[in-house]
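To start, the structure under review is shown below, and the notes come after it.
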Amino acid sequence: MTAHPASKATPSGPRLSRRGFLAGTGAAAGLFTFGFSFPLATPVAAQGAAPEVNAWVVIQPDETVIIRIARIEMGQGSLTGLAQLVAEELDCDWDKVRFELVNPAENARRGNVWNTQSTGGSRAIRGSQDYVRRGGAAARAVLLEAAAKGWGVPTGECTVAKGVITHTPTKRTTTYGAVAGTAGAITPPADVRLKDPAAWTIAGQPVKRLDTKDKLDGSLVYGIDYRMPGMLVAVPKACPVHGGTLKSFDAAAVAGMPGVKHVLKVDDETVAVVADTFWRAKTALDALPITWDEGPNAKVSSETIAAMVREGLTAETPFVGNAIGDAKGTLAGARRVIEADYGFPYQNHAPMEVLAATVRWTPERCEVWGPTQVPEAALAAVSAAAGLPASACDIQVMRIGGSFGRRLQTDYLTMATRIARQVPGTPVKMMWTREEDMLQGRFHPITQCRLRASLDAKGEVEALHMRISGQSIAIYAIPGLMTAKGDPLVFQGLTPGGEMALGYTIPNLLIDHAMRNPHIRPGAWRGVNLNQNAIYLECFIDELAETAGQDPLAFRRTLMRNHPKHLAVLEAAAKGIGWETPPAKGRARGIAQVMGFGSYVAAAAEVSVADGQLKIHRIVAATDPGHVVNPQQVDAQVSGSFVYGLSAMLYGECTVKDGRIEQENFDTYNVMRLDEMPAVEVITLPSGGFWGGVGEPTIAVAAPAVLNAVFAATGKRVRQLPLKNVDLNVS
Amino acid sequence: MTKLTINGASVEVQVEDDTPLLWVIREHVGLTGTKYGCGIAQCGACTIHLDGVATRSCALPVSAVGPDQAIVTIEGLGVPKPHPVQEAWAELDVAQCGFCQVGMIMAASALLAQNPNPSDDDIRAEITNICRCGTYGRVLAGVKHAAERMRG
Ligand code: FES
Ligand code: FES
């Protein structure tokens, strides 16, 4: 064996260190040179235990600056952005920056000194920017004071640049690394002044990600890769009909199969085979005779679900998200009512990394190595499943191979803990098959929408009633959010104000919701309810523009005159695609806009349809997130949003037959590949004064911009997704 | 005992004949850089080089691989110095979550070995791996950048 396989052949991976951090050796931006071969990630702490300057910052004698990251990194790039914000206020040398992940047990032990670690709702940057910058500034203050004390001079006479401290009158210099050892003992000032973003030199720059190197050489240990000496692998299977139960299984039938150690009941609906490898566990699980009690939902189908949701389109409901004037009365007296029904199906998150976690349970202690988007909730779930107090549990969080909201729920960690608890002392990695991941998803909920509107004599919208019917995420997954009347999340992008505010002024407006909850388990799927709400409204606005005989952009300008920030991004996207000049022959364009997760976003798409085949040639996307911390990562998030949003638009559909989801893998749940990827141009116009999120909002404008372009190309309104079910041939 | 040649070294493993090569590499040889994404040759996360050809190892039984066939995984690609594709990927910050990128890099490096000057259409046709983060634009740029580097 060469050194490379040999070095990895022994079970390896990060261990829970005493301090409970996982360090990364991410080489700093610009210094990613290749004169050396890629080393394994080694805990920085092992290189010499430097005392921390404060909770956010550790500086080693060799000037390495370790920045602690509490929010979860799953591809969105916030790890780098957060480090930039700390480094900016710290005035350290960015090339010396490394990162370390915070574990929730450590956070709890220290009184939540890192604030919440929960990572969703495009909140990682916007929700932590203030206190992480203060953390960097406080570290800077005590480092300067430590240097000043050492020289016996007033702190006010000292300055710092790139981690080098200068006593201005005498030109003496020292470094952060030299004074860090004593700085941690100094009490930081009660208040620190943050820099004006206009003066930023590290934040706001397109620096490279800190966490790239181990992704390119295969050395990054994801949840599915984790290994420990003596570890077993468990592969679970739950009743494919959600809510059904496990009646019986015949363990003896597979007991003699290679590698099989245990066949376990995990909970009322789940069985698992535990073997020495994943493949052997999966092989035995496939052969295991299992009887399910599928329960009352065994006859449910997509058709019965559609009928249930359709009924909600006309039902009485008290749950109103936005109301102005008298929409119903105006519509009742209108000469002409324009009406359309739309629908958006179930979606699976389908991150590339399937669910997995490794757990070692003993009667005294439960240790977990696994990914989660909600470290605090994960610790609570593990504690409950382990039958141990949270103080006896520990979770080593990990960078995740994509998540998109799936790991906001902790079901898989509960499951992994319940399995390990039945094999005390033995580390067990629970790992799902892709098929299980598809069947036991927490699905983007199903909805339908009926839109009814009338225009006045000038062709302006005088009334709009938007009735949404369908499933609530909150009632299943976040019950604390429910109000007496319903799930407020269903109105994302449609509310009168707040971080997902409607960008149109309509004199008579009613937006209401009828909750209809099929048995398929829902979850927050990247973009959440903004996705279908933007499709419904932005496509319907296009229909109204057509009825009014107006250009879709001109029509929107009138409706958006009181919403300058919404309009600014729409204008930018339209300008970028060249809206005012006609497209080339055979091409057609569409636009859409929405506000979501605190940011204003818009997209313009240029497409052609030939022989029923859609080709998306070009997208221009515009975003106003208030502030931009890393333009390169914003670009990546925005372009990636089109892959996620357009995958759903083109192919995404989880259907139900005999109570169970029918799509079990990427052969039937297709997603966009490189050959379909359009050119995406990203425009950012940060207008300052607020902090918006970037990971999610743009997904919501991807589909409506393209669908509006499809109409312009074909004259066909696509109101039920995905597009794969629609014949685009112009007859 | 099954004999294989992985990253230039010969290894022996005790596995059932129908075990997919992916799981032999990951679980018996212990090289976890090669990823599992679908298990049915759809996503490309498990791509390795088999005698220089990009191959989805999840759907290839180990018994179909001869003892002298050269298997190269990500751990053996950039050795002793990083492959130009890895360098291009670093320069363009291609990876997001990174999970699919090992497969992307293996597919891209095999493509460039056969076609040192691929057109956009060649790359779009040949790189069929799934990336849910949506890095496709930078993957395309990365392959072209690596091609330039390799041409010197
Ligand atoms: S895991 Fe082999 S192609 Fe998906
Ligand atoms: S980088 Fe995350 S799946 Fe491709």
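Just remember, in the structure tokens the first chain shown is A, the second B, etc., residues are 1-based per chain, and ligands are 1-based in the order shown.
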Contacts of ligand 2, 9 Å or closer, only C-alpha atoms and all ligand atoms, given as a compact mmCIF listing (two decimals) with N, CA, C and O atoms, in the first residue's frame:
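The result, written out as out-v2.txt:
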```txt
# COMPACT_ATOMS: atom_id res chain seq x y z
N MET A 74 -23.00 24.11 5.45
CA MET A 74 -23.49 22.98 4.66
C MET A 74 -23.38 23.27 3.18
O MET A 74 -24.13 22.71 2.38
N GLY A 75 -22.46 24.17 2.86
CA GLY A 75 -22.23 24.50 1.46
C GLY A 75 -22.55 25.95 1.14
O GLY A 75 -22.15 26.47 0.11
N GLN A 76 -23.24 26.61 2.06
CA GLN A 76 -23.73 27.96 1.77
C GLN A 76 -22.66 29.02 1.94
O GLN A 76 -22.86 30.17 1.55
N LYS A 215 -12.05 19.44 0.76
CA LYS A 215 -13.13 19.00 -0.13
C LYS A 215 -12.59 18.56 -1.48
O LYS A 215 -13.29 17.92 -2.25
N PRO A 351 -30.47 16.20 -0.53
CA PRO A 351 -29.07 16.64 -0.48
C PRO A 351 -28.19 15.47 -0.90
O PRO A 351 -28.60 14.31 -0.80
N MET A 352 -26.99 15.77 -1.39
CA MET A 352 -26.16 14.67 -1.87
C MET A 352 -25.73 13.73 -0.75
O MET A 352 -25.57 12.54 -0.95
N GLU A 353 -25.52 14.26 0.45
CA GLU A 353 -25.17 13.38 1.56
C GLU A 353 -26.46 12.86 2.22
O GLU A 353 -27.28 13.65 2.69
N ILE A 400 -21.66 19.71 6.50
CA ILE A 400 -22.65 18.80 5.92
C ILE A 400 -22.57 18.79 4.40
O ILE A 400 -22.35 19.83 3.78
N GLY A 401 -22.80 17.62 3.83
CA GLY A 401 -22.82 17.47 2.37
C GLY A 401 -24.15 17.88 1.78
O GLY A 401 -24.82 17.10 1.12
N GLY A 402 -24.54 19.13 2.04
CA GLY A 402 -25.84 19.64 1.58
C GLY A 402 -26.93 19.26 2.56
O GLY A 402 -26.91 18.19 3.14
N SER A 403 -27.88 20.16 2.76
CA SER A 403 -28.94 19.85 3.72
C SER A 403 -30.27 20.48 3.31
O SER A 403 -31.29 19.83 3.31
N ALA B 45 -21.29 10.59 -7.67
CA ALA B 45 -20.53 10.89 -6.46
C ALA B 45 -19.43 9.85 -6.23
O ALA B 45 -18.43 10.12 -5.58
N VAL B 94 -14.64 26.32 -6.63
CA VAL B 94 -15.78 25.61 -7.24
C VAL B 94 -16.70 24.99 -6.18
O VAL B 94 -17.91 25.07 -6.28
N ALA B 95 -16.10 24.41 -5.14
CA ALA B 95 -16.89 23.60 -4.21
C ALA B 95 -17.81 24.45 -3.35
O ALA B 95 -17.46 25.55 -2.93
N GLN B 96 -18.98 23.90 -3.07
CA GLN B 96 -19.82 24.48 -2.01
C GLN B 96 -19.80 23.50 -0.84
O GLN B 96 -18.83 23.44 -0.11
N CYS B 97 -20.81 22.63 -0.71
CA CYS B 97 -20.71 21.66 0.39
C CYS B 97 -19.58 20.67 0.13
O CYS B 97 -19.04 20.07 1.05
N GLY B 98 -19.24 20.51 -1.15
CA GLY B 98 -18.10 19.67 -1.50
C GLY B 98 -18.41 18.20 -1.71
O GLY B 98 -17.57 17.47 -2.23
N PHE B 99 -19.57 17.78 -1.32
CA PHE B 99 -19.85 16.34 -1.30
C PHE B 99 -19.75 15.72 -2.69
O PHE B 99 -19.24 14.62 -2.84
N CYS B 100 -20.25 16.43 -3.69
CA CYS B 100 -20.23 15.88 -5.05
C CYS B 100 -18.90 16.12 -5.74
O CYS B 100 -18.67 15.61 -6.82
N GLN B 101 -18.05 16.96 -5.13
CA GLN B 101 -16.90 17.49 -5.88
C GLN B 101 -15.83 16.45 -6.15
O GLN B 101 -15.12 16.52 -7.15
N MET B 104 -16.95 14.94 -9.22
CA MET B 104 -16.78 15.91 -10.30
C MET B 104 -15.31 15.95 -10.75
O MET B 104 -15.00 15.97 -11.94
N ASN B 129 -22.57 14.39 -13.59
CA ASN B 129 -22.70 14.23 -12.14
C ASN B 129 -23.74 15.21 -11.58
O ASN B 129 -23.88 16.32 -12.09
N ILE B 130 -24.37 14.81 -10.50
CA ILE B 130 -25.34 15.69 -9.85
C ILE B 130 -24.65 16.53 -8.77
O ILE B 130 -23.88 16.00 -7.96
N CYS B 131 -24.96 17.82 -8.76
CA CYS B 131 -24.56 18.70 -7.67
C CYS B 131 -25.82 19.41 -7.20
O CYS B 131 -26.41 20.18 -7.95
N ARG B 132 -26.24 19.15 -5.99
CA ARG B 132 -27.47 19.80 -5.51
C ARG B 132 -27.22 21.24 -5.05
O ARG B 132 -28.14 22.03 -4.97
N CYS B 133 -25.96 21.55 -4.69
CA CYS B 133 -25.66 22.94 -4.33
C CYS B 133 -25.71 23.84 -5.57
O CYS B 133 -25.84 25.05 -5.44
N GLY B 134 -25.52 23.24 -6.74
CA GLY B 134 -25.63 24.03 -7.96
C GLY B 134 -24.35 24.69 -8.41
O GLY B 134 -24.35 25.84 -8.83
N THR B 135 -23.24 23.95 -8.36
CA THR B 135 -21.94 24.53 -8.73
C THR B 135 -21.65 24.42 -10.22
O THR B 135 -20.52 24.68 -10.65
N TYR B 136 -22.63 24.02 -11.02
CA TYR B 136 -22.36 23.66 -12.42
C TYR B 136 -21.59 24.73 -13.21
O TYR B 136 -20.71 24.40 -14.00
```
Counting only C-alpha atoms, collect the residues of chain B whose closest atom lies at most 8 Å from chain A, and write them out as a PyMOL selection string. chain B and resi 7-11+19+23+27+29-34+36-39+42-43+74-76+78-82+86-87+89-90+93+95-102+105+121+124-125+127-137+140
Find the residue from B:Val53, B:Cys58, B:Val85, B:Val15 that sits nearest to Lys35 in chain B; use only C-alpha atoms when measuring. B:Cys58
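All residues in range 364-400 of chain A with a DSSP state of alpha helix (DSSP H), computed from the backbone, read Pro375, Glu376, Ala377, Ala378, Leu379, Ala380, Ala381, Val382, Ser383, Ala384, Ala385 and Ala386 of chain A.
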Between CA of Gly689 in chain A and CA of Val142 in chain A, what is the distance in Å, rounded to a tenth?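 Spanning CA of Gly689 in chain A to CA of Val142 in chain A is a straight-line distance of 29.0 Å.
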Just how far from CA of Tyr651 in chain A is CA of Gln613 in chain A, in Å to one decimal?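 Result for CA of Gln613 in chain A versus CA of Tyr651 in chain A: 13.7 Å, one decimal.
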Atomic separation - CA of Arg660 in chain A relative to CA of Pro345 in chain A, Å: 14.5 Å
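Closest to ligand 1 among B:Leu77, B:Ile71, B:Ala59, B:Val13 is B:Ala59, based on only C-alpha atoms and all ligand atoms.
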If DSSP is run on the backbone, what residues of chain B are strand (DSSP E)? A reply as a list in words would be ideal.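 Those in chain B that DSSP calls strand (DSSP E) are Thr2, Lys3, Leu4, Thr5, Ile6, Ala9, Ser10, Val11, Glu12, Val13, Thr47, Ile48, His49, Leu50, Val53, Ala54, Thr55, Arg56, Ala70, Ile71 and Val72 of chain B.
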List the spatial neighbours of Ala54 in chain B as a ChimeraX atom specification - criterion: any atom at most 7 Å away, only C-alpha atoms, same-chain residues fewer than 2 positions off excluded. /B:47-50,52,56,106-107,110
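Using only C-alpha atoms and all ligand atoms, the smallest distance between any of B:Ile25, B:Gly103, B:Val65, B:His83 and ligand 1 comes from B:Gly103.
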For range 615-617 of chain A, work out the shell of residues within 6 Å, counting only C-alpha atoms and skipping chain neighbours fewer than 5 positions away, then give it as a PyMOL selection string. chain A and resi 606-608+678
What's around range 192-199 of chain A at 10 Å? Count only C-alpha atoms, leave out sequence neighbours fewer than 3 positions away in its own chain, and write the answer as a short mmCIF file (atom, residue, chain, number, x, y, z; two decimals) with C-alpha atoms, in the first residue's frame.
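Okay, result39.cif is ready:
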```cif
data_model
loop_
_atom_site.label_atom_id
_atom_site.label_comp_id
_atom_site.auth_asym_id
_atom_site.auth_seq_id
_atom_site.Cartn_x
_atom_site.Cartn_y
_atom_site.Cartn_z
CA GLU A 88 -12.58 42.56 9.96
CA GLU A 89 -13.14 43.93 13.44
CA ASP A 130 -23.77 42.02 15.05
CA ARG A 133 -18.39 41.57 14.82
CA ARG A 134 -18.54 42.65 18.46
CA GLY A 135 -16.62 39.50 19.33
CA GLY A 136 -13.88 40.46 16.88
CA ALA A 137 -13.80 44.06 18.11
CA ALA A 138 -13.64 43.00 21.77
CA ARG A 140 -8.94 43.51 19.24
CA ALA A 141 -9.45 45.78 22.26
CA PRO A 188 -13.00 43.70 27.49
CA PRO A 189 -14.55 47.17 27.29
CA ILE A 202 -11.79 41.86 4.69
CA ALA A 203 -15.57 41.71 4.96
CA GLY A 204 -17.17 42.69 1.69
CA HIS A 627 -24.96 44.25 2.95
CA VAL A 628 -22.72 41.84 1.09
CA VAL A 629 -20.09 40.08 3.19
CA GLY A 688 -27.36 49.26 3.18
#
```
